[in-house]
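Okay, structure first, notes after.
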Amino acid sequence: MTATTTTTRTGTTQPTGGLLEVHGVHKSYGTLEVLQGVDLVVRPGEVTVVIGPSGSGKSTLLRVINHLEKVDRGFVALDGDLIGYARRGDSLRELKEKDILRQRTQIGFVFQSFNLFPHLTALENVTEAPVSAQGRPRAEVEAEARALLDRVGLADKADARPRQLSGGQQQRVAIARALATRPKVLLFDEPTSALDPELVGEVLDVIQDLAHGGTTIVLVTHEIAFARQIADTVVFMDGGRIVEQGPPARVLDHPAHARTRAFLDKVL
Amino acid sequence: MSTIDLRHDDVQRRVADAVPVPVPMPDGARVPAGTTARDELERLRVRPARHPGRWVATAAVAVLLAMVVSSLLSNDKWGWDVVGQYLTWPSVLEGLWGTVRLTAVAAVVGFGLGTVLALMRLSRSPLLQSVAWAYVWVFRSVPLILQLLLWYNLAYLYPTLSLGIPFGPSFTEFGTLDVVDKFGAAILGLGLSQAAYSSEIVRAGILGVDQGQHEAAAALGIPRARQQWRIVLPQAMRTIVPTSVNEIIGLVKGTSVVYVLAYGELFYTVGVIYGRNLQVVPLLLVAGIWYLVLTTALTIAQFYLERYYARGALRTLPPTPLQKARRAVRTSWARIVTRGGAA
């Protein structure tokens with residue numbers, strides 16, 4: 001596995017993205033099949049925005065990509081490495097938890113509800129995984145973490161605890177935390193849905209900054225205008241399937257499917 | 001039988017037609033008409049509401065309290081001079097030390113093992129889960145006094161204990177009585193039964209931590225043991241601490257049951273003394289006072305522990321009693337100074 005890195009203007013090394021492949025993924029909860037054969041390829045450095053009605057399987061797809069959910073069939077690969085499984089003869093055997101945890105450091109995940117660790121400071125939130133999961137020296141990690149906090153505009157909040165921050169600030173810390181392990185791909189699960197409207201902009205600004213920096217990004221969102229702005233590819237999902245995908249100009253402005261049109265009519 | 005017709009438009013019309021229900025007001029609660037009257041109202045002094053009932057209740061309780069104190073002082077059968085004499089008697093202090101030692105060691109054993117049991121119970125291995133479940137089931141079910149006597153009679157079941165390979169050769173042997181003496185039996189009894197209770201407390205604390213915290217830790221790839229110790233347990237401590245201190249206070253008093261083994265803790269010691277000098281009530285008071293002192297110390301410790309683990313859960317921590325006292329002194333001083341300046 002190789003990951004070249006580029007240096008951004010604030011001095012943090014930002015990994016250039018990896019190639020993400022999702023092939024024939026099926027996933028059921030009991031009798032409900034939430035993913036019914038999903039295929040998706042995200043090329044290195046590309047930004048893919050997933051839209052669709054609630055219950056369409058968008059969040060499940062993201063959670064499958066970093067193996068927070070097991071699949072029933074199909075596979076996910078990052079730069080050609082299977083995520084969560086390894087081939088053993090004619091079956092895909094789930095990896096040991098230790099190996100899965102190691103793989104996850106290459107996949108940053110930003111949650112809708114931030115999920116910052118409330119008992120740790122902003123800085124400790126960011127440094128925790130690089131030190132404990134990747135075994136990197138604390139001094140180096142801390143310097144990088146401060147640079148990351150600076151990059152999301154929160155250099156002065158390093159010692160604040162999450163509850164002392166606004167929702168927008170918390171989500172920006174969460175983004176810095178996701179970047180701290182130098183992941184090859186960043187997954188955003190409706191990062192602005194839990195925010196007050198006036199705080200959405202500051203988080204979107206940070207994401208846009210990352211998108212231009214060459215990170216591979218998969219973003220689930222309801223912010224259609226933002227999708228149009230940053231997406232290389234827009235994916236419309238409904239009923240556990242990808243209905244259509246393509247550049248925003250095509251999918252958002254001239255959708256080929258009636259279901260896409262109906263959804264866009266409702267949200268625009 | 002008539003049916004009630006609540007069609008939508010019908011209900012709406014009734015809501016629209018509704019007349020406000022008048023609220024009865026006491027005299028003087030209406031704003032008078034006229035500018036002069038209003039100006040006068042504006043200038044009136046604002047004073048707090050009167051609570052005559054509260055004053056009556058306070059007086060009654062004060063009288064009762066005075067009666068209790070006076071009877072404690074005037075009835076010399078309480079034997080306060082004897083209490084004073086024995087409160088710091090060397091053998092009483094030795095017994096007190098015995099109680100403290102038992103409590104401390106049993107609490108460490110209990111909560112250490114309890115945490116392990118809680119993690120076993122929450123693990124994904126069915127065997128570990130069932131073993132932890134069965135442990136809690138057995139040790140919560142058997143009375144402490146019975147467990148203590150059983151452990152003390154361990155030598156009857158197994159005269160020697162040996163360290164070695166399971167089902168294989170043994171390296172060393174001890175006499176059971178040398179390892180499990182009175183103190184050992186007391187620790188086994190208190191510690192093992194405490195572990196059953198504390199494991200449930202720790203488990204409840206862990207279950208109370210938001211699922212998102214487990215997910216975020218897993219998504220970051222933090223190793224599993226580290227997830228528990230660094231992310232989950234510190235947050236669980238917030239709910240674990242209050243009930244745990246409760247348990248330890250119970251343990252302080254629970255150590256008195258160890259008198260059945262004739263171990264020299266506080267309760268047994270005062271028993272020995274009043275058996276000799278027949279001053280039963282004063283010596284029970286001596287023990288009672290010391291138990292009170294121990295639980296008071298634990299209660300103070302609880303406050304600061306809770307405060308420590310509230311970091312992150314609260315935006316600003318509540319002030320400590322010391323800070324409160326300092327603030328009170330400062331504000332009343334400021335009031336005195338300003339009043340003196342005004343006069």
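All residue names refer to the structure tokens as shown: chains lettered A, B, ... in order, residues numbered from 1 in each chain, ligands numbered from 1 in order.
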Would you kindly return, as a compact mmCIF listing (two decimals) with C-alpha atoms, in the first residue's frame, each protein, DNA or RNA residue with an atom no farther than 10 Å from any atom of B:Leu87, considering only C-alpha atoms and excluding same-chain residues fewer than 6 positions away?
# COMPACT_ATOMS: atom_id res chain seq x y z
CA ASP B 81 -17.59 10.62 79.91
CA LEU B 93 -8.10 2.72 67.39
CA PRO B 282 -21.27 4.14 75.68
CA LEU B 283 -19.08 1.69 73.75
CA LEU B 285 -21.74 5.00 70.80
CA VAL B 286 -17.95 4.97 70.39
CA ALA B 287 -18.26 2.56 67.48
CA ILE B 289 -19.19 7.81 66.14
CA TRP B 290 -16.26 6.23 64.31
Exercise for the section: Show which residues sit within 7 Å of A:Val234, as an MDAnalysis selection string. Count only C-alpha atoms, and ignore same-chain residues fewer than 6 positions away. Expected result: chainID A and resid 48:50 245:248 251
Output of the above residues as a compact mmCIF listing (two decimals), in the first residue's frame, restricted to N, CA and C atoms:
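As a result, selection32.txt now contains:
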# COMPACT_ATOMS: atom_id res chain seq x y z
N THR A 48 -17.45 12.40 -4.19
CA THR A 48 -18.72 11.80 -4.57
C THR A 48 -19.76 12.17 -3.53
N VAL A 49 -20.86 12.74 -3.98
CA VAL A 49 -21.92 13.13 -3.06
C VAL A 49 -23.10 12.19 -3.26
N VAL A 50 -23.56 11.58 -2.16
CA VAL A 50 -24.68 10.65 -2.23
C VAL A 50 -25.93 11.36 -1.71
N GLN A 245 -26.11 7.92 -11.44
CA GLN A 245 -24.96 8.69 -11.00
C GLN A 245 -24.30 9.35 -12.18
N GLY A 246 -23.63 10.47 -11.88
CA GLY A 246 -22.98 11.22 -12.95
C GLY A 246 -22.58 12.58 -12.43
N PRO A 247 -22.06 13.44 -13.31
CA PRO A 247 -21.69 14.78 -12.88
C PRO A 247 -22.92 15.55 -12.42
N PRO A 248 -22.74 16.48 -11.47
CA PRO A 248 -23.89 17.19 -10.91
C PRO A 248 -24.75 17.87 -11.97
N VAL A 251 -27.03 14.91 -13.24
CA VAL A 251 -27.95 14.26 -12.30
C VAL A 251 -28.88 15.29 -11.64
Sorted by chain and rising residue number, which residues of chain B lie within 9 Å of chain A, and what are their closest atom pairs and distances in Å to one decimal, counting only C-alpha atoms, as a tab-separated table?
residue	atom	partner	partner_atom	distance
B:Asp210	CA	A:Asn115	CA	8.8
B:Gly212	CA	A:Asn115	CA	5.6
B:Gln213	CA	A:Asn115	CA	5.8
B:Glu215	CA	A:Leu68	CA	7.6
B:Ala216	CA	A:Asn115	CA	6.1
B:Ala217	CA	A:Ala129	CA	8.2
B:Ala218	CA	A:Leu101	CA	6.7
B:Ala219	CA	A:Arg104	CA	6.0
B:Leu220	CA	A:Thr105	CA	5.7
B:Gly221	CA	A:Leu101	CA	4.0
B:Ile222	CA	A:Ala133	CA	4.8
B:Pro223	CA	A:Ala133	CA	6.0
B:Arg224	CA	A:Lys98	CA	7.8
B:Arg226	CA	A:Ser132	CA	7.5
B:Ile231	CA	A:Phe117	CA	6.9
B:Pro234	CA	A:His119	CA	7.5
B:Gln235	CA	A:His119	CA	6.9
B:Tyr309	CA	A:His119	CA	8.0
B:Ala310	CA	A:His119	CA	8.1
B:Arg311	CA	A:His119	CA	5.9
B:Gly312	CA	A:His119	CA	4.3
B:Ala313	CA	A:Pro118	CA	6.6
B:Leu314	CA	A:Arg163	CA	7.1
B:Arg315	CA	A:Gln164	CA	5.6
B:Thr316	CA	A:Gln164	CA	8.5
Would you save the residues of that selection, restricted to C-alpha atoms, as a PDB file, in the first residue's frame?
ATOM      1  CA  ASP B 210     -23.786   6.653  24.224  1.00  0.00           C
ATOM      2  CA  GLY B 212     -21.962   6.816  19.229  1.00  0.00           C
ATOM      3  CA  GLN B 213     -18.918   6.848  21.500  1.00  0.00           C
ATOM      4  CA  GLU B 215     -18.765   3.725  17.138  1.00  0.00           C
ATOM      5  CA  ALA B 216     -16.493   6.753  16.953  1.00  0.00           C
ATOM      6  CA  ALA B 217     -13.745   4.885  18.816  1.00  0.00           C
ATOM      7  CA  ALA B 218     -14.132   1.895  16.488  1.00  0.00           C
ATOM      8  CA  ALA B 219     -14.225   4.096  13.391  1.00  0.00           C
ATOM      9  CA  LEU B 220     -10.929   5.695  14.423  1.00  0.00           C
ATOM     10  CA  GLY B 221      -9.343   2.260  14.748  1.00  0.00           C
ATOM     11  CA  ILE B 222      -8.504   2.682  18.441  1.00  0.00           C
ATOM     12  CA  PRO B 223      -7.505  -0.753  19.858  1.00  0.00           C
ATOM     13  CA  ARG B 224     -10.284  -2.499  21.736  1.00  0.00           C
ATOM     14  CA  ARG B 226      -7.907   1.206  24.817  1.00  0.00           C
ATOM     15  CA  ILE B 231     -13.038   6.266  26.010  1.00  0.00           C
ATOM     16  CA  PRO B 234     -14.054   7.407  32.096  1.00  0.00           C
ATOM     17  CA  GLN B 235     -17.487   8.391  30.816  1.00  0.00           C
ATOM     18  CA  TYR B 309     -15.650  12.864  36.372  1.00  0.00           C
ATOM     19  CA  ALA B 310     -18.126  15.614  35.487  1.00  0.00           C
ATOM     20  CA  ARG B 311     -15.429  17.197  33.310  1.00  0.00           C
ATOM     21  CA  GLY B 312     -16.811  17.198  29.825  1.00  0.00           C
ATOM     22  CA  ALA B 313     -20.342  16.376  30.964  1.00  0.00           C
ATOM     23  CA  LEU B 314     -20.946  19.873  32.288  1.00  0.00           C
ATOM     24  CA  ARG B 315     -19.974  23.171  30.700  1.00  0.00           C
ATOM     25  CA  THR B 316     -18.898  24.636  34.050  1.00  0.00           C
TER      26      THR B 316
END
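For the pair atom CA of B:Leu192 and atom CA of B:Ile206, the interatomic distance is 20.9 Å.
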Completion exercise
Min atom-atom distance to A:Leu78 from the set A:Asp253, A:Ile242, A:Gly17, A:Leu199, counting only C-alpha atoms, belongs to A:Gly17
Exercise for the section: Mind listing the alpha helix (DSSP H) residues of stretch 38-140 of chain B, per DSSP on the backbone, as a PyMOL selection string? Expected result: chain B and resi 38-43+52-74+80-87+90-122+126-140
Expected file contents, prior selection, C-alpha atoms, as an mmCIF file, in the first residue's frame:
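Okay, this is what ended up in again.cif:
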data_model
loop_
_atom_site.group_PDB
_atom_site.id
_atom_site.type_symbol
_atom_site.label_atom_id
_atom_site.label_comp_id
_atom_site.auth_asym_id
_atom_site.auth_seq_id
_atom_site.Cartn_x
_atom_site.Cartn_y
_atom_site.Cartn_z
ATOM 1 C CA ARG B 38 -48.990 54.164 38.025
ATOM 2 C CA ASP B 39 -46.034 56.370 38.925
ATOM 3 C CA GLU B 40 -46.675 55.671 42.582
ATOM 4 C CA LEU B 41 -46.840 51.908 41.892
ATOM 5 C CA GLU B 42 -43.505 52.077 40.133
ATOM 6 C CA ARG B 43 -41.823 53.670 43.165
ATOM 7 C CA PRO B 52 -46.051 31.855 57.663
ATOM 8 C CA GLY B 53 -46.424 28.055 57.347
ATOM 9 C CA ARG B 54 -42.704 27.704 56.838
ATOM 10 C CA TRP B 55 -42.027 29.624 60.060
ATOM 11 C CA VAL B 56 -44.375 27.376 62.065
ATOM 12 C CA ALA B 57 -42.737 24.204 60.701
ATOM 13 C CA THR B 58 -39.263 25.577 61.420
ATOM 14 C CA ALA B 59 -40.220 26.404 65.010
ATOM 15 C CA ALA B 60 -41.703 22.933 65.585
ATOM 16 C CA VAL B 61 -38.602 21.186 64.260
ATOM 17 C CA ALA B 62 -36.344 23.457 66.342
ATOM 18 C CA VAL B 63 -38.229 22.508 69.508
ATOM 19 C CA LEU B 64 -37.958 18.789 68.691
ATOM 20 C CA LEU B 65 -34.249 19.164 67.994
ATOM 21 C CA ALA B 66 -33.722 20.965 71.309
ATOM 22 C CA MET B 67 -35.533 18.118 73.096
ATOM 23 C CA VAL B 68 -33.276 15.510 71.503
ATOM 24 C CA VAL B 69 -30.093 17.421 72.345
ATOM 25 C CA SER B 70 -31.200 18.109 75.920
ATOM 26 C CA SER B 71 -32.053 14.440 76.544
ATOM 27 C CA LEU B 72 -28.700 13.371 75.083
ATOM 28 C CA LEU B 73 -26.951 15.720 77.503
ATOM 29 C CA SER B 74 -29.116 15.343 80.616
ATOM 30 C CA TRP B 80 -20.572 10.629 77.558
ATOM 31 C CA ASP B 81 -17.591 10.617 79.911
ATOM 32 C CA VAL B 82 -17.041 6.925 79.143
ATOM 33 C CA VAL B 83 -17.492 7.638 75.427
ATOM 34 C CA GLY B 84 -14.841 10.350 75.644
ATOM 35 C CA GLN B 85 -12.537 8.027 77.515
ATOM 36 C CA TYR B 86 -12.795 5.131 75.031
ATOM 37 C CA LEU B 87 -13.061 7.111 71.789
ATOM 38 C CA PRO B 90 -5.584 2.249 71.836
ATOM 39 C CA SER B 91 -7.476 -0.996 71.248
ATOM 40 C CA VAL B 92 -10.444 0.943 69.797
ATOM 41 C CA LEU B 93 -8.105 2.718 67.385
ATOM 42 C CA GLU B 94 -6.612 -0.649 66.499
ATOM 43 C CA GLY B 95 -10.111 -1.947 65.781
ATOM 44 C CA LEU B 96 -10.799 1.176 63.703
ATOM 45 C CA TRP B 97 -7.646 0.462 61.686
ATOM 46 C CA GLY B 98 -8.872 -3.123 61.217
ATOM 47 C CA THR B 99 -12.147 -1.807 59.795
ATOM 48 C CA VAL B 100 -10.388 0.660 57.482
ATOM 49 C CA ARG B 101 -8.011 -2.055 56.261
ATOM 50 C CA LEU B 102 -10.818 -4.538 55.586
ATOM 51 C CA THR B 103 -12.858 -1.886 53.756
ATOM 52 C CA ALA B 104 -9.953 -0.710 51.617
ATOM 53 C CA VAL B 105 -8.729 -4.150 50.569
ATOM 54 C CA ALA B 106 -12.243 -5.528 50.025
ATOM 55 C CA ALA B 107 -13.164 -2.452 47.955
ATOM 56 C CA VAL B 108 -10.082 -2.837 45.748
ATOM 57 C CA VAL B 109 -10.690 -6.587 45.309
ATOM 58 C CA GLY B 110 -14.430 -6.008 44.804
ATOM 59 C CA PHE B 111 -14.181 -3.259 42.224
ATOM 60 C CA GLY B 112 -11.176 -4.762 40.437
ATOM 61 C CA LEU B 113 -12.873 -8.111 40.023
ATOM 62 C CA GLY B 114 -16.225 -6.384 39.474
ATOM 63 C CA THR B 115 -14.847 -4.428 36.494
ATOM 64 C CA VAL B 116 -13.400 -7.604 34.993
ATOM 65 C CA LEU B 117 -16.745 -9.373 35.485
ATOM 66 C CA ALA B 118 -18.624 -6.469 33.886
ATOM 67 C CA LEU B 119 -16.338 -6.545 30.838
ATOM 68 C CA MET B 120 -16.769 -10.352 30.645
ATOM 69 C CA ARG B 121 -20.522 -9.954 30.818
ATOM 70 C CA LEU B 122 -20.419 -7.428 27.951
ATOM 71 C CA PRO B 126 -20.906 -16.732 25.336
ATOM 72 C CA LEU B 127 -18.725 -18.628 27.850
ATOM 73 C CA LEU B 128 -17.342 -15.453 29.440
ATOM 74 C CA GLN B 129 -20.839 -13.982 29.518
ATOM 75 C CA SER B 130 -22.324 -16.994 31.267
ATOM 76 C CA VAL B 131 -19.490 -17.343 33.757
ATOM 77 C CA ALA B 132 -19.885 -13.694 34.746
ATOM 78 C CA TRP B 133 -23.645 -14.096 34.968
ATOM 79 C CA ALA B 134 -23.341 -17.219 37.131
ATOM 80 C CA TYR B 135 -20.814 -15.535 39.412
ATOM 81 C CA VAL B 136 -23.139 -12.620 40.079
ATOM 82 C CA TRP B 137 -26.048 -15.007 40.555
ATOM 83 C CA VAL B 138 -24.244 -17.106 43.187
ATOM 84 C CA PHE B 139 -22.512 -14.359 45.137
ATOM 85 C CA ARG B 140 -25.537 -12.102 45.283
#
